[in-house]
>>> print(open('upload_16.cif').read())   # mmCIF, C-alpha atoms
data_start
#
loop_
_atom_site.label_atom_id
_atom_site.label_comp_id
_atom_site.auth_asym_id
_atom_site.auth_seq_id
_atom_site.Cartn_x
_atom_site.Cartn_y
_atom_site.Cartn_z
CA MET A 1 150.42 71.24 98.30
CA SER A 2 146.97 70.52 96.89
CA GLU A 3 145.92 72.29 93.70
CA TYR A 4 142.57 74.03 93.27
CA LYS A 5 141.49 71.52 90.61
CA GLY A 6 142.30 68.65 92.92
CA ILE A 7 140.12 70.14 95.65
CA GLN A 8 137.20 71.44 93.60
CA GLY A 9 137.28 69.12 90.61
CA TYR A 10 137.53 71.95 88.09
CA THR A 11 140.02 74.66 87.18
CA VAL A 12 139.88 78.44 87.55
CA ARG A 13 137.99 79.75 84.52
CA SER A 14 138.04 83.11 82.75
CA ILE A 15 135.15 85.42 81.89
CA ASP A 16 134.98 88.27 79.40
CA GLN A 17 133.40 90.90 81.69
CA GLU A 18 133.10 91.88 85.34
CA PRO A 19 130.15 89.93 86.80
CA THR A 20 127.46 91.21 89.15
CA LYS A 21 125.50 88.14 90.22
CA ALA A 22 125.39 84.69 88.63
CA PHE A 23 128.15 83.18 86.49
CA PRO A 24 127.81 80.76 83.59
CA GLY A 25 127.08 77.30 84.90
CA GLY A 26 124.68 78.38 87.63
CA ALA A 27 124.48 77.00 91.13
CA ALA A 28 125.92 73.64 90.07
CA ASN A 29 129.38 75.19 90.14
CA THR A 30 129.24 76.55 93.66
CA GLY A 31 132.83 77.26 94.74
CA GLN A 32 133.98 77.98 91.18
CA VAL A 33 136.62 80.72 90.96
CA TRP A 34 136.55 82.98 87.91
CA TYR A 35 139.23 85.32 86.53
CA SER A 36 138.04 88.57 84.89
CA PRO A 37 139.70 90.60 82.11
CA ASN A 38 140.59 93.27 84.69
CA GLY A 39 142.61 90.78 86.72
CA ASN A 40 139.99 90.27 89.43
CA PHE A 41 139.00 86.95 90.97
CA TYR A 42 135.37 86.06 91.80
CA LEU A 43 133.91 83.22 93.83
CA GLN A 44 130.52 81.75 92.98
CA LYS A 45 128.39 81.01 96.03
CA ASN A 46 125.06 79.20 96.31
CA LEU A 47 122.73 80.96 98.73
CA GLY A 48 120.27 78.07 98.54
CA VAL A 49 116.51 78.05 98.14
CA ASN A 50 116.01 80.32 101.16
CA GLY A 51 118.08 83.26 99.88
CA THR A 52 119.58 86.05 101.97
CA TRP A 53 118.92 89.70 102.88
CA THR A 54 121.92 92.05 103.06
CA THR A 55 121.86 95.54 104.60
CA VAL A 56 123.16 98.13 102.13
CA ASN A 57 123.40 101.93 102.02
CA SER A 58 120.38 103.80 103.37
CA MET A 59 118.18 106.36 101.64
CA ASN A 60 118.81 110.04 102.31
CA THR A 61 115.31 110.62 103.71
CA ALA A 62 113.77 108.35 106.36
CA ARG A 63 110.10 107.79 105.57
CA ASN A 64 107.19 105.37 105.67
CA SER A 65 104.19 104.69 103.40
CA LEU A 66 106.23 105.43 100.27
CA ALA A 67 106.17 103.80 96.83
CA GLY A 68 108.87 102.12 94.76
CA ALA A 69 109.66 101.13 91.19
CA GLY A 70 112.50 99.61 89.18
CA THR A 71 115.02 96.89 89.93
CA GLN A 72 117.47 96.02 92.70
CA THR A 73 120.30 97.95 91.03
CA SER A 74 118.18 100.70 89.45
CA ALA A 75 115.38 101.58 91.86
CA LEU A 76 113.22 104.63 92.51
CA ALA A 77 111.67 105.69 95.85
CA PHE A 78 109.01 108.41 95.96
CA GLY A 79 106.51 110.01 98.30
CA GLY A 80 105.78 108.90 101.85
CA ASN A 81 105.63 110.46 105.30
CA THR A 82 108.65 111.96 107.07
CA PRO A 83 106.48 113.69 108.61
CA PRO A 84 104.92 115.67 107.01
CA PHE A 85 103.78 114.25 103.67
CA THR A 86 106.64 114.36 101.20
CA ALA A 87 107.17 114.54 97.45
CA ALA A 88 110.85 113.59 97.80
CA THR A 89 112.24 111.21 95.18
CA GLU A 90 115.49 109.23 95.28
CA LYS A 91 117.16 106.90 92.81
CA TYR A 92 119.40 103.94 93.68
CA ASP A 93 122.28 102.74 91.48
CA GLY A 94 123.03 99.51 93.28
CA THR A 95 125.32 101.26 95.77
CA ASN A 96 124.04 104.72 96.71
CA TRP A 97 120.79 106.66 96.88
CA THR A 98 120.71 110.10 95.22
CA SER A 99 118.01 112.75 95.72
CA VAL A 100 116.43 113.84 92.44
CA ASN A 101 113.51 116.07 91.41
CA SER A 102 110.44 115.74 93.63
CA MET A 103 106.89 114.84 92.63
CA ASN A 104 104.42 117.66 92.08
CA THR A 105 102.13 116.49 94.90
CA ALA A 106 103.45 115.52 98.33
CA ARG A 107 101.60 112.40 99.54
CA ASP A 108 101.84 109.12 101.39
CA ASP A 109 100.06 105.75 101.12
CA LEU A 110 100.40 105.93 97.33
CA ALA A 111 101.19 103.22 94.79
CA GLY A 112 103.78 103.04 92.04
CA CYS A 113 105.06 100.91 89.19
CA GLY A 114 107.43 100.99 86.24
CA THR A 115 111.17 101.56 86.06
CA GLN A 116 113.66 104.08 87.46
CA THR A 117 113.47 106.19 84.30
CA SER A 118 109.81 105.53 83.44
CA ALA A 119 107.75 105.35 86.63
CA LEU A 120 104.12 106.01 87.53
CA ALA A 121 102.77 107.28 90.89
CA PHE A 122 99.04 107.21 91.71
CA GLY A 123 96.60 107.61 94.59
CA GLY A 124 97.54 108.34 98.19
CA LEU A 125 96.79 110.90 100.89
CA ILE A 126 97.57 114.62 101.07
CA GLY A 127 97.01 116.92 104.00
CA PRO A 128 96.41 117.97 106.61
CA PRO A 129 93.47 117.64 106.54
CA ASN A 130 93.75 114.20 104.96
CA VAL A 131 92.31 114.11 101.45
CA ARG A 132 92.37 110.94 99.34
CA GLN A 133 93.90 111.25 95.91
CA SER A 134 93.19 110.09 92.38
CA ALA A 135 96.12 112.18 91.09
CA THR A 136 98.62 110.45 88.80
CA GLU A 137 102.15 111.49 87.86
CA LYS A 138 104.68 110.03 85.45
CA TYR A 139 108.47 110.25 85.78
CA ASP A 140 110.83 110.38 82.79
CA GLY A 141 114.12 109.96 84.66
CA THR A 142 114.37 113.70 85.34
CA ASN A 143 110.97 115.28 85.98
CA TRP A 144 107.52 114.34 87.26
CA THR A 145 104.52 115.38 85.13
CA SER A 146 100.87 115.34 86.23
CA VAL A 147 98.67 113.26 83.92
CA ASN A 148 95.05 112.09 83.93
CA SER A 149 93.71 111.01 87.31
CA MET A 150 92.22 107.69 88.37
CA ASN A 151 88.43 107.34 88.47
CA THR A 152 88.40 106.45 92.18
CA ALA A 153 90.33 108.53 94.73
CA ARG A 154 91.92 106.24 97.33
CA ASP A 155 94.90 105.62 99.55
CA SER A 156 96.72 102.47 100.69
CA LEU A 157 96.24 100.78 97.31
CA ALA A 158 98.59 98.55 95.29
CA GLY A 159 99.93 98.75 91.77
CA ALA A 160 101.53 96.63 89.06
CA GLY A 161 102.77 96.96 85.49
CA THR A 162 104.54 99.73 83.62
CA GLN A 163 104.16 103.47 83.11
CA THR A 164 102.05 102.96 79.97
CA SER A 165 100.28 99.76 81.03
CA ALA A 166 99.51 99.93 84.75
CA LEU A 167 97.06 98.32 87.14
CA ALA A 168 95.69 99.88 90.37
CA PHE A 169 93.69 97.80 92.86
CA GLY A 170 92.27 97.84 96.38
CA GLY A 171 92.74 100.61 98.92
CA PHE A 172 90.54 102.82 101.07
CA THR A 173 88.00 105.26 99.63
CA PRO A 174 86.30 104.88 102.29
CA PRO A 175 85.21 102.12 102.74
CA VAL A 176 87.77 99.42 101.96
CA THR A 177 87.44 98.74 98.24
CA THR A 178 87.84 96.03 95.60
CA ALA A 179 87.99 98.64 92.82
CA THR A 180 90.44 97.94 89.99
CA GLU A 181 91.55 100.29 87.22
CA LYS A 182 93.90 99.93 84.27
CA TYR A 183 95.97 102.71 82.70
CA ASP A 184 96.93 102.82 79.00
CA GLY A 185 99.43 105.66 79.17
CA THR A 186 96.69 108.28 78.80
CA ASN A 187 93.49 107.29 80.62
CA TRP A 188 92.36 105.14 83.55
CA THR A 189 89.50 102.70 82.94
CA SER A 190 87.53 100.86 85.62
CA VAL A 191 87.61 97.08 85.13
CA ASN A 192 86.40 94.01 87.07
CA ASN A 193 86.87 94.23 90.82
CA MET A 194 88.90 92.01 93.12
CA ASN A 195 87.05 89.33 95.10
CA THR A 196 88.25 90.57 98.50
CA ALA A 197 88.07 94.22 99.51
CA ARG A 198 91.24 95.27 101.32
CA THR A 199 93.59 98.11 102.06
CA SER A 200 97.36 98.31 102.67
CA LEU A 201 98.06 95.32 100.40
CA ALA A 202 100.95 94.54 98.06
CA GLY A 203 101.07 93.90 94.34
CA ALA A 204 103.31 92.36 91.68
CA GLY A 205 103.23 91.48 87.99
CA THR A 206 101.79 93.24 84.97
CA GLN A 207 98.51 94.79 83.85
CA THR A 208 97.34 91.50 82.32
CA ALA A 209 98.99 89.15 84.84
CA GLY A 210 98.77 90.86 88.22
CA LEU A 211 99.00 89.53 91.76
CA ALA A 212 97.44 90.99 94.92
CA PHE A 213 98.42 89.70 98.36
CA GLY A 214 98.00 90.54 102.02
CA GLY A 215 96.30 93.65 103.36
CA PHE A 216 93.64 94.64 105.86
CA LEU A 217 89.90 93.84 105.63
CA PRO A 218 89.75 94.12 108.75
CA PRO A 219 91.41 92.06 110.16
CA GLN A 220 94.76 91.47 108.44
CA THR A 221 94.66 88.87 105.68
CA ALA A 222 96.88 86.38 103.84
CA ALA A 223 94.49 86.33 100.86
CA THR A 224 96.05 86.18 97.40
CA GLU A 225 94.39 86.85 94.05
CA LYS A 226 95.64 86.72 90.47
CA TYR A 227 94.39 88.85 87.57
CA ASP A 228 94.34 87.65 83.95
CA GLY A 229 93.54 90.95 82.28
CA THR A 230 89.80 90.43 82.76
CA ASN A 231 88.99 88.69 86.04
CA TRP A 232 90.44 88.22 89.51
CA THR A 233 90.71 84.65 90.86
CA SER A 234 91.39 83.71 94.50
CA VAL A 235 94.41 81.41 94.84
CA ASN A 236 96.40 79.92 97.74
CA ASN A 237 97.00 82.24 100.69
CA MET A 238 100.32 83.39 102.12
CA ASN A 239 101.53 81.59 105.23
CA THR A 240 101.46 84.77 107.34
CA ALA A 241 98.53 87.19 107.36
CA ARG A 242 99.86 90.74 107.26
CA THR A 243 99.12 94.30 106.25
CA ASN A 244 101.38 97.23 105.23
CA LEU A 245 103.79 94.84 103.50
CA ALA A 246 105.83 95.20 100.30
CA GLY A 247 106.14 93.02 97.22
CA ALA A 248 108.21 92.42 94.10
CA GLY A 249 108.30 90.13 91.09
CA THR A 250 105.71 88.64 88.76
CA GLN A 251 102.43 86.76 89.03
CA THR A 252 104.17 83.39 88.97
CA SER A 253 107.39 84.41 90.76
CA ALA A 254 106.62 86.92 93.50
CA LEU A 255 108.17 87.96 96.80
CA ALA A 256 106.34 89.31 99.89
CA PHE A 257 108.25 90.88 102.78
CA GLY A 258 107.75 92.88 105.94
CA GLY A 259 104.43 94.23 107.16
CA VAL A 260 102.56 94.19 110.43
CA ASN A 261 100.36 91.66 112.17
CA PRO A 262 98.18 93.96 114.30
CA PRO A 263 98.14 95.42 116.74
CA THR A 264 101.89 96.15 116.85
CA THR A 265 103.93 93.15 115.73
CA ARG A 266 106.12 94.28 112.83
CA LEU A 267 107.42 91.50 110.62
CA SER A 268 110.71 90.66 108.94
CA SER A 269 109.33 87.43 107.48
CA THR A 270 109.65 86.83 103.74
CA GLU A 271 107.69 84.51 101.44
CA LYS A 272 108.17 83.55 97.80
CA TYR A 273 105.38 82.51 95.44
CA ASP A 274 105.79 80.07 92.55
CA GLY A 275 102.42 80.59 90.89
CA THR A 276 100.75 78.01 93.13
CA ASN A 277 102.11 78.09 96.67
CA TRP A 278 103.78 80.51 99.08
CA THR A 279 106.94 79.31 100.85
CA THR A 280 108.55 80.97 103.87
CA VAL A 281 112.22 81.83 103.27
CA ASN A 282 114.88 83.79 105.18
CA SER A 283 113.70 86.96 106.94
CA MET A 284 114.88 90.55 106.54
CA ASN A 285 117.44 91.89 108.99
CA THR A 286 115.04 94.58 110.23
CA ALA A 287 111.37 93.92 111.03
CA ARG A 288 109.31 96.77 109.59
CA SER A 289 106.01 97.79 108.04
CA SER A 290 104.85 100.48 105.58
CA LEU A 291 107.97 99.93 103.47
CA ALA A 292 108.43 99.82 99.68
CA GLY A 293 109.93 97.24 97.37
CA ALA A 294 111.39 96.87 93.89
CA GLY A 295 112.92 94.17 91.71
CA THR A 296 112.22 90.48 91.21
CA GLN A 297 111.76 87.36 93.28
CA THR A 298 115.44 86.51 92.94
CA SER A 299 116.87 90.03 93.18
CA ALA A 300 114.77 92.47 95.23
CA LEU A 301 115.20 95.67 97.23
CA ALA A 302 113.37 96.75 100.43
CA PHE A 303 113.54 100.36 101.67
CA GLY A 304 111.99 102.73 104.18
CA GLY A 305 109.17 101.86 106.59
CA LEU A 306 108.44 101.86 110.31
CA ILE A 307 110.00 99.96 113.19
CA GLY A 308 108.87 99.86 116.78
CA PRO A 309 107.25 100.52 119.16
CA PRO A 310 108.45 103.09 119.83
CA ILE A 311 107.74 104.01 116.21
CA VAL A 312 110.80 105.17 114.23
CA ARG A 313 110.80 105.98 110.51
CA GLN A 314 113.40 104.19 108.45
CA SER A 315 115.83 105.01 105.66
CA ALA A 316 117.33 101.51 105.93
CA THR A 317 117.69 99.51 102.72
CA GLU A 318 118.18 95.77 102.25
CA GLN A 319 118.83 93.74 99.15
CA TRP A 320 117.49 90.22 98.63
CA ASP A 321 119.32 87.59 96.62
CA LEU A 322 118.09 84.08 95.90
CA ASN A 323 120.31 81.21 94.80
CA VAL A 324 123.55 82.17 93.04
CA TYR A 325 125.62 85.20 93.97
CA SER A 326 129.19 86.26 93.10
CA ASN A 327 131.76 87.67 95.49
CA LYS A 328 134.96 89.48 94.49
CA ILE A 329 137.88 87.89 96.36
CA THR A 330 141.58 88.56 96.86
CA ILE A 331 144.02 85.75 96.20
CA THR A 332 147.52 86.11 97.63
#
>>> encode(input="upload_16.cif", output="structure tokens")
Amino acid sequence: MSEYKGIQGYTVRSIDQEPTKAFPGGAANTGQVWYSPNGNFYLQKNLGVNGTWTTVNSMNTARNSLAGAGTQTSALAFGGNTPPFTAATEKYDGTNWTSVNSMNTARDDLAGCGTQTSALAFGGLIGPPNVRQSATEKYDGTNWTSVNSMNTARDSLAGAGTQTSALAFGGFTPPVTTATEKYDGTNWTSVNNMNTARTSLAGAGTQTAGLAFGGFLPPQTAATEKYDGTNWTSVNNMNTARTNLAGAGTQTSALAFGGVNPPTTRLSSTEKYDGTNWTTVNSMNTARSSLAGAGTQTSALAFGGLIGPPIVRQSATEQWDLNVYSNKITIT
């Protein structure tokens, strides 16, 4: 009988805690089996440069045009359209979604940023009748509190950064706008505009290193811009022009997923950005638009949105993993 070392070239190794994703040694040790202090065995897989989307537990409330914040294992979903407009908020612990205290203002087509316990919500639509919002709320992990509003009321905008250092850009006022504002934890200040006016775009990064991509001019666009804290610069476009998409990550390591290529083609396609170029990688399991995202380029979460036609609102959630991932296994 062959031994594991003879097959793999290395022995079963021990680790001092239960793992969640990557093990020591990285992707080079694909196929490595690890033994945990609780007596569990784990297998290290290499998902490759194209990554994988996995369907996980759904949100409690199906909705579109919502906002998201946080990470893959500690996410926050808020606002959207059920219909009607909703203030519903849910948190995700890596396994299940739990309904928590709602926002003060029910709205859709809003933007968000921050973490699960320190999030910021801004802009959007309330109604009927539809009224564009400059209203801003902060979340402390338990309650939402209304704070100072943006200078420009708008919907279908994008956001980046943290609760105390946020960036808001683009959207519809009307008309479609390039307006950009930064938030310091107390006040919003208008700063230099984007180069390309657009609505229903996605954002990633921080207040001083932001990324804007996709959206609707009209028509739909693949345009990408980076922000250095002062100015916006146009950089290489995405491969697929799209609007009503979601994003995650940083300025130099971003992920774009979902969206719609009008008039009705909803997309599952995913692209990653390395600071210079966009590369098409593995698609989501469900093609959808008007969804939200959270996390990083290597460990993201997609939730909510629209599928169709016929149009159906979604509670479906998918997690994205790039490169190394660990699976718990049973050895008999």
>>> closest_atom_pairs(input="upload_16.cif", of="stretch 214-274 of chain A", to="stretch 304-311 of chain A", cutoff="12 Å", atoms="all atoms listed in the file", output="tab-separated table")
residue	atom	partner	partner_atom	distance
A:Asn244	CA	A:Gly305	CA	9.2
A:Leu245	CA	A:Gly305	CA	9.4
A:Ala246	CA	A:Gly305	CA	9.8
A:Phe257	CA	A:Gly305	CA	11.7
A:Gly258	CA	A:Gly305	CA	9.1
A:Gly259	CA	A:Gly305	CA	9.0
A:Val260	CA	A:Leu306	CA	9.7
A:Pro263	CA	A:Pro309	CA	10.7
A:Thr264	CA	A:Pro309	CA	7.3
A:Thr265	CA	A:Gly308	CA	8.4
A:Arg266	CA	A:Ile307	CA	6.9
A:Leu267	CA	A:Ile307	CA	9.2
A:Ser268	CA	A:Ile307	CA	10.2
>>> residues_around(input="upload_16.cif", residues="stretch 83-94 of chain A", least_positions_apart="2", cutoff="8 Å", atoms="only C-alpha atoms", output="PyMOL selection string")
chain A and resi 59-61+63+72-81+96-108+116+126-127
>>> atom_distance(input="upload_16.cif", atom1="atom CA of A:Thr52", atom2="atom CA of A:Leu291")
18.2 Å
>>> resolve_selection(input="upload_16.cif", expression="the PyMOL selection byres ((chain A and resi 226-238) around 7)", output="mmCIF file with C-alpha atoms, in the coordinates of the input")
data_model
loop_
_atom_site.group_PDB
_atom_site.id
_atom_site.type_symbol
_atom_site.label_atom_id
_atom_site.label_comp_id
_atom_site.auth_asym_id
_atom_site.auth_seq_id
_atom_site.Cartn_x
_atom_site.Cartn_y
_atom_site.Cartn_z
ATOM 1 C CA ASN A 192 86.400 94.010 87.070
ATOM 2 C CA MET A 194 88.900 92.010 93.120
ATOM 3 C CA ASN A 195 87.050 89.330 95.100
ATOM 4 C CA GLN A 207 98.510 94.790 83.850
ATOM 5 C CA THR A 208 97.340 91.500 82.320
ATOM 6 C CA ALA A 209 98.990 89.150 84.840
ATOM 7 C CA GLY A 210 98.770 90.860 88.220
ATOM 8 C CA LEU A 211 99.000 89.530 91.760
ATOM 9 C CA ALA A 212 97.440 90.990 94.920
ATOM 10 C CA ALA A 222 96.880 86.380 103.840
ATOM 11 C CA ALA A 223 94.490 86.330 100.860
ATOM 12 C CA THR A 224 96.050 86.180 97.400
ATOM 13 C CA GLU A 225 94.390 86.850 94.050
ATOM 14 C CA ASN A 239 101.530 81.590 105.230
ATOM 15 C CA THR A 240 101.460 84.770 107.340
ATOM 16 C CA ALA A 241 98.530 87.190 107.360
ATOM 17 C CA GLN A 251 102.430 86.760 89.030
ATOM 18 C CA THR A 276 100.750 78.010 93.130
ATOM 19 C CA ASN A 277 102.110 78.090 96.670
ATOM 20 C CA TRP A 278 103.780 80.510 99.080
#
>>> resolve_selection(input="upload_16.cif", expression="the PyMOL selection byres ((chain A and resi 283) around 6)", output="list in words")
Ser268, Ser269, Thr270, Asn282 and Met284 of chain A
